[in-house]
Each structure stands twice: as C-alpha cells, then as structure tokens.
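K.L.:
Mind having a look at this structure? Questions to follow.
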Amino acid sequence: MSIDGSHARLSVERYDFEALIGRSGVISAEEKREGDGATPLGRWPVLFGFYRPDRVPAPAVPDMDWRPMDAGMGWCDAPDHPLYNQLVPLPFSASHEVMCREDSAYDYVVVLGYNYPHAVSGRGSAIFLHIWREGAPHTEGCVALKRADFEALLPYLRVGTVVEIGT
C-alpha cells in the first residue's frame, strides 16, 4: 500500500484498491493510541464481518462469518472500561461507537485482527474495513474502500485473509 496523506493503496491478496485511512496517516502498531486518528501499520487478518440487513443483502461468502447488525449494537471505545474494544448492547453508558450509522459507511464492516480479541487498553479499538463515506476526507483510523470496490472484494474475503497496511 502506498500512502499519500489520508489516501492509500490497499492490497488484499492479489487485489489493489484506493483506500481512505485515518486523519493522522499511519503509525506503527506499538505507537497506536485510542483516539489518535492513525491507522496502524501491519498485516491484519480478517476475523468476521457485519452487514446491515435493512440496507444490503447478506454476503454469500463461504468461509466468512457475517453477522447481521441491528440498532441495538455498539462498539466500546472507552479504554478504562472492561468491555473496551468489544461489541456492546445499546444503550451503553461508556464511550462507544454506534454500529448502525445514519450514513452508509457501516453497511458492511469487516473486523480486522488489530488489538482484538484480546484488547490492550488504550492501544486503539478495532480497525474496521468499511465503506468510504462519500466526501469524507479521512477515517478515524480505520480503512475504507469505495462501495463498488468493497462489493467487488466481498466474494474474496475469508476468515484469515490478510489486509496489509504499510508503506
């Protein structure tokens, strides 16, 4: 992946796409901190995915764990909470991200194996591969693909597929 500000080339297996990354660019995984807006360098395996059944069909992908998303789902990003970097039920009192967003960025979400499932507090919550919000100048640290590119990649994603974030 080559990097230019908040834009990058993302390689997954033999596929290459233009991607959007965090507002702070990329940093080493060791330097990554919650809320820094950076995307961690490294090779991160695909673990599982979510999809919005009210907006998109369930991906028909063998060897991939796709979970339907609903309005009662959040993701804890509070480093001091015992459920840090985990899926949580809403309402949730600690800092969290709402998974069913108003925009289409999380119509599909792939959870990468960065600081998950055994999270180190404060090292940054999950790095998601998701859809690039039209007009967005950057992500909060995740990696986003244009919808057409994401949908083209969908049939090839498997548990264990490696997404490389690097220079």
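Ligands are numbered from 1 in the order shown, residues from 1 within each chain, and chains are lettered A, B, ... in the order they appear in the structure tokens.
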Which residues come within 8 Å of Ala71 of chain A, counting only C-alpha atoms, excluding same-chain residues fewer than 5 positions away, as a list in words?
P.N.:
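Returned residues: Leu90, Val98, Met99 and Cys100 of chain A.
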K.L.:
Can I get the selection written as a compact mmCIF listing (two decimals), in the first residue's frame, with N, CA and C atoms?
P.N.:
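Once everything was written out, this is again.txt:
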```
# COMPACT_ATOMS: atom_id res chain seq x y z
N LEU A 90 -26.68 -1.56 23.14
CA LEU A 90 -27.10 -0.18 23.37
C LEU A 90 -28.44 -0.18 24.07
N VAL A 98 -21.75 3.82 17.63
CA VAL A 98 -22.99 3.19 17.21
C VAL A 98 -22.72 2.47 15.90
N MET A 99 -23.05 1.19 15.84
CA MET A 99 -22.76 0.41 14.64
C MET A 99 -23.74 0.69 13.50
N CYS A 100 -25.01 0.90 13.80
CA CYS A 100 -25.99 1.21 12.76
C CYS A 100 -26.01 2.73 12.55
```
K.L.:
Would you return as a list in words the members of segment 53-153 of chain A that DSSP assigns to helix (DSSP H, G or I) on this structure's backbone?
P.N.:
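DSSP on the backbone gives helix (DSSP H, G or I) at Arg147, Ala148, Asp149, Phe150, Glu151, Ala152 and Leu153 of chain A.
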K.L.:
What does the file look like for those residues with N, CA and C atoms, as a PDB file, in the first residue's frame?
P.N.:
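So the final result, stored in selection31.pdb, reads:
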```
ATOM      1  N   ARG A 147     -17.604   2.047  -2.248  1.00  0.00           N
ATOM      2  CA  ARG A 147     -18.610   0.975  -2.213  1.00  0.00           C
ATOM      3  C   ARG A 147     -18.393  -0.040  -3.339  1.00  0.00           C
ATOM      4  N   ALA A 148     -18.196   0.416  -4.560  1.00  0.00           N
ATOM      5  CA  ALA A 148     -18.029  -0.514  -5.681  1.00  0.00           C
ATOM      6  C   ALA A 148     -16.812  -1.412  -5.469  1.00  0.00           C
ATOM      7  N   ASP A 149     -15.730  -0.856  -4.942  1.00  0.00           N
ATOM      8  CA  ASP A 149     -14.529  -1.653  -4.673  1.00  0.00           C
ATOM      9  C   ASP A 149     -14.776  -2.640  -3.534  1.00  0.00           C
ATOM     10  N   PHE A 150     -15.454  -2.182  -2.479  1.00  0.00           N
ATOM     11  CA  PHE A 150     -15.758  -3.068  -1.356  1.00  0.00           C
ATOM     12  C   PHE A 150     -16.606  -4.242  -1.829  1.00  0.00           C
ATOM     13  N   GLU A 151     -17.629  -3.943  -2.611  1.00  0.00           N
ATOM     14  CA  GLU A 151     -18.509  -5.000  -3.104  1.00  0.00           C
ATOM     15  C   GLU A 151     -17.796  -5.942  -4.072  1.00  0.00           C
ATOM     16  N   ALA A 152     -16.831  -5.426  -4.825  1.00  0.00           N
ATOM     17  CA  ALA A 152     -16.042  -6.287  -5.705  1.00  0.00           C
ATOM     18  C   ALA A 152     -15.137  -7.213  -4.889  1.00  0.00           C
ATOM     19  N   LEU A 153     -14.663  -6.733  -3.752  1.00  0.00           N
ATOM     20  CA  LEU A 153     -13.780  -7.525  -2.891  1.00  0.00           C
ATOM     21  C   LEU A 153     -14.544  -8.548  -2.046  1.00  0.00           C
TER      22      LEU A 153
END
```
K.L.:
Restricting the calculation to only C-alpha atoms, which member of A:Arg101, A:Arg23, A:Lys146, A:His96 is positioned closest to His130 of chain A?
P.N.:
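For His130 of chain A, the nearest of the given residues is A:Lys146.
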K.L.:
Just the number, please: distance in Å from atom CA of Pro155 of chain A to atom CA of Ala29 of chain A, one decimal.
P.N.:
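Rounded to one decimal, the two atoms are 28.3 Å apart.
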K.L.:
Can you list, as a list in words, all residues belonging to segment 56-162 of chain A that DSSP tags as strand (DSSP E or B)?
P.N.:
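Of segment 56-162 of chain A, only Trp66, Arg67, Pro68, Met73, Gly74, Trp75, Cys76, Leu87, Val88, Pro89, His96, Glu97, Val98, Tyr108, Val109, Val110, Val111, Leu112, Phe128, Leu129, His130, Ile131, Thr139, Val143, Ala144, Leu145 and Val162 of chain A fall in strand (DSSP E or B).
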K.L.:
Could you check how far atom CA of Pro57 of chain A sits from atom CA of Leu112 of chain A, in Å to one decimal?
P.N.:
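If I compute the distance from atom CA of Pro57 of chain A to atom CA of Leu112 of chain A, I get 21.2 Å.
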K.L.:
For Ala78 of chain A, which of A:Gly22, A:Gly160, A:Gly135, A:Gly35 is the closest residue, counting only C-alpha atoms?
P.N.:
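Among the listed residues, the smallest separation from Ala78 of chain A belongs to A:Gly35.
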K.L.:
What does the distance between atom CA of Trp132 of chain A and atom CA of Val61 of chain A come to in Å, to one decimal place?
P.N.:
21.2 Å
K.L.:
Neighbouring residues of Phe17 of chain A were defined as those with any atom within 8 Å, considering only C-alpha atoms; residues of the same chain fewer than 6 positions away were excluded. Please report them as a PyMOL selection string.
P.N.:
chain A and resi 9-11+145+149
K.L.:
Considering only C-alpha atoms, can you say which of A:Phe48, A:Phe92, A:Tyr114, A:Tyr108 comes closest to Trp75 of chain A?
P.N.:
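Ranking A:Phe48, A:Phe92, A:Tyr114, A:Tyr108 by distance to Trp75 of chain A, first place goes to A:Phe92.
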K.L.:
For a quick check of understanding, using only C-alpha atoms, which of A:Gly49, A:Gly72, A:Gly122, A:Gly113 has the smallest distance to Glu97 of chain A?
P.N.:
A:Gly72
K.L.:
Name the residues in contact with Cys142 of chain A at a cut-off of 7 Å, using only C-alpha atoms, excluding same-chain residues fewer than 3 positions from it; report them as a PyMOL selection string.
P.N.:
chain A and resi 21-22+39+127-129+139
K.L.:
Output C-alpha atoms for every residue in the selection just made, as a PDB file, in the first residue's frame.
P.N.:
```pdb
ATOM      1  CA  ILE A  21      -7.162   5.913   6.093  1.00  0.00           C
ATOM      2  CA  GLY A  22      -7.007   7.858   9.353  1.00  0.00           C
ATOM      3  CA  THR A  39      -4.134   3.709  11.073  1.00  0.00           C
ATOM      4  CA  ILE A 127      -9.644  -1.372  12.981  1.00  0.00           C
ATOM      5  CA  PHE A 128     -12.552  -1.885  10.629  1.00  0.00           C
ATOM      6  CA  LEU A 129     -12.514  -2.243   6.871  1.00  0.00           C
ATOM      7  CA  THR A 139     -11.416   7.904   8.660  1.00  0.00           C
TER       8      THR A 139
END
```
K.L.:
Please determine, counting only C-alpha atoms, which residue among A:Ile165, A:Val159, A:Ala19, A:Leu87 has the shortest atom-to-atom distance to Arg133 of chain A.
P.N.:
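Of A:Ile165, A:Val159, A:Ala19, A:Leu87, the one nearest Arg133 of chain A is A:Ala19, counting only C-alpha atoms.
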K.L.:
I'd like the neighbourhood of Glu31 of chain A as a PyMOL selection string, where a residue qualifies if any of its atoms comes within 10 Å (using only C-alpha atoms), though same-chain residues fewer than 6 positions away should be ignored.
P.N.:
chain A and resi 38+40-41+123-124
K.L.:
Any chance you can output those residues with C-alpha atoms as an mmCIF file, in the first residue's frame?
P.N.:
```cif
data_model
loop_
_atom_site.group_PDB
_atom_site.id
_atom_site.type_symbol
_atom_site.label_atom_id
_atom_site.label_comp_id
_atom_site.auth_asym_id
_atom_site.auth_seq_id
_atom_site.Cartn_x
_atom_site.Cartn_y
_atom_site.Cartn_z
ATOM 1 C CA ALA A 38 -3.956 6.988 12.963
ATOM 2 C CA PRO A 40 -1.755 1.007 12.382
ATOM 3 C CA LEU A 41 0.919 -0.396 10.087
ATOM 4 C CA ARG A 123 -3.905 0.888 22.165
ATOM 5 C CA GLY A 124 -6.805 1.719 19.887
#
```
K.L.:
Here is a test: counting only C-alpha atoms, which residue of A:Tyr84, A:Arg43, A:Gly141, A:Arg52 is nearest to Asp70 of chain A?
P.N.:
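Closest candidate: A:Arg52.
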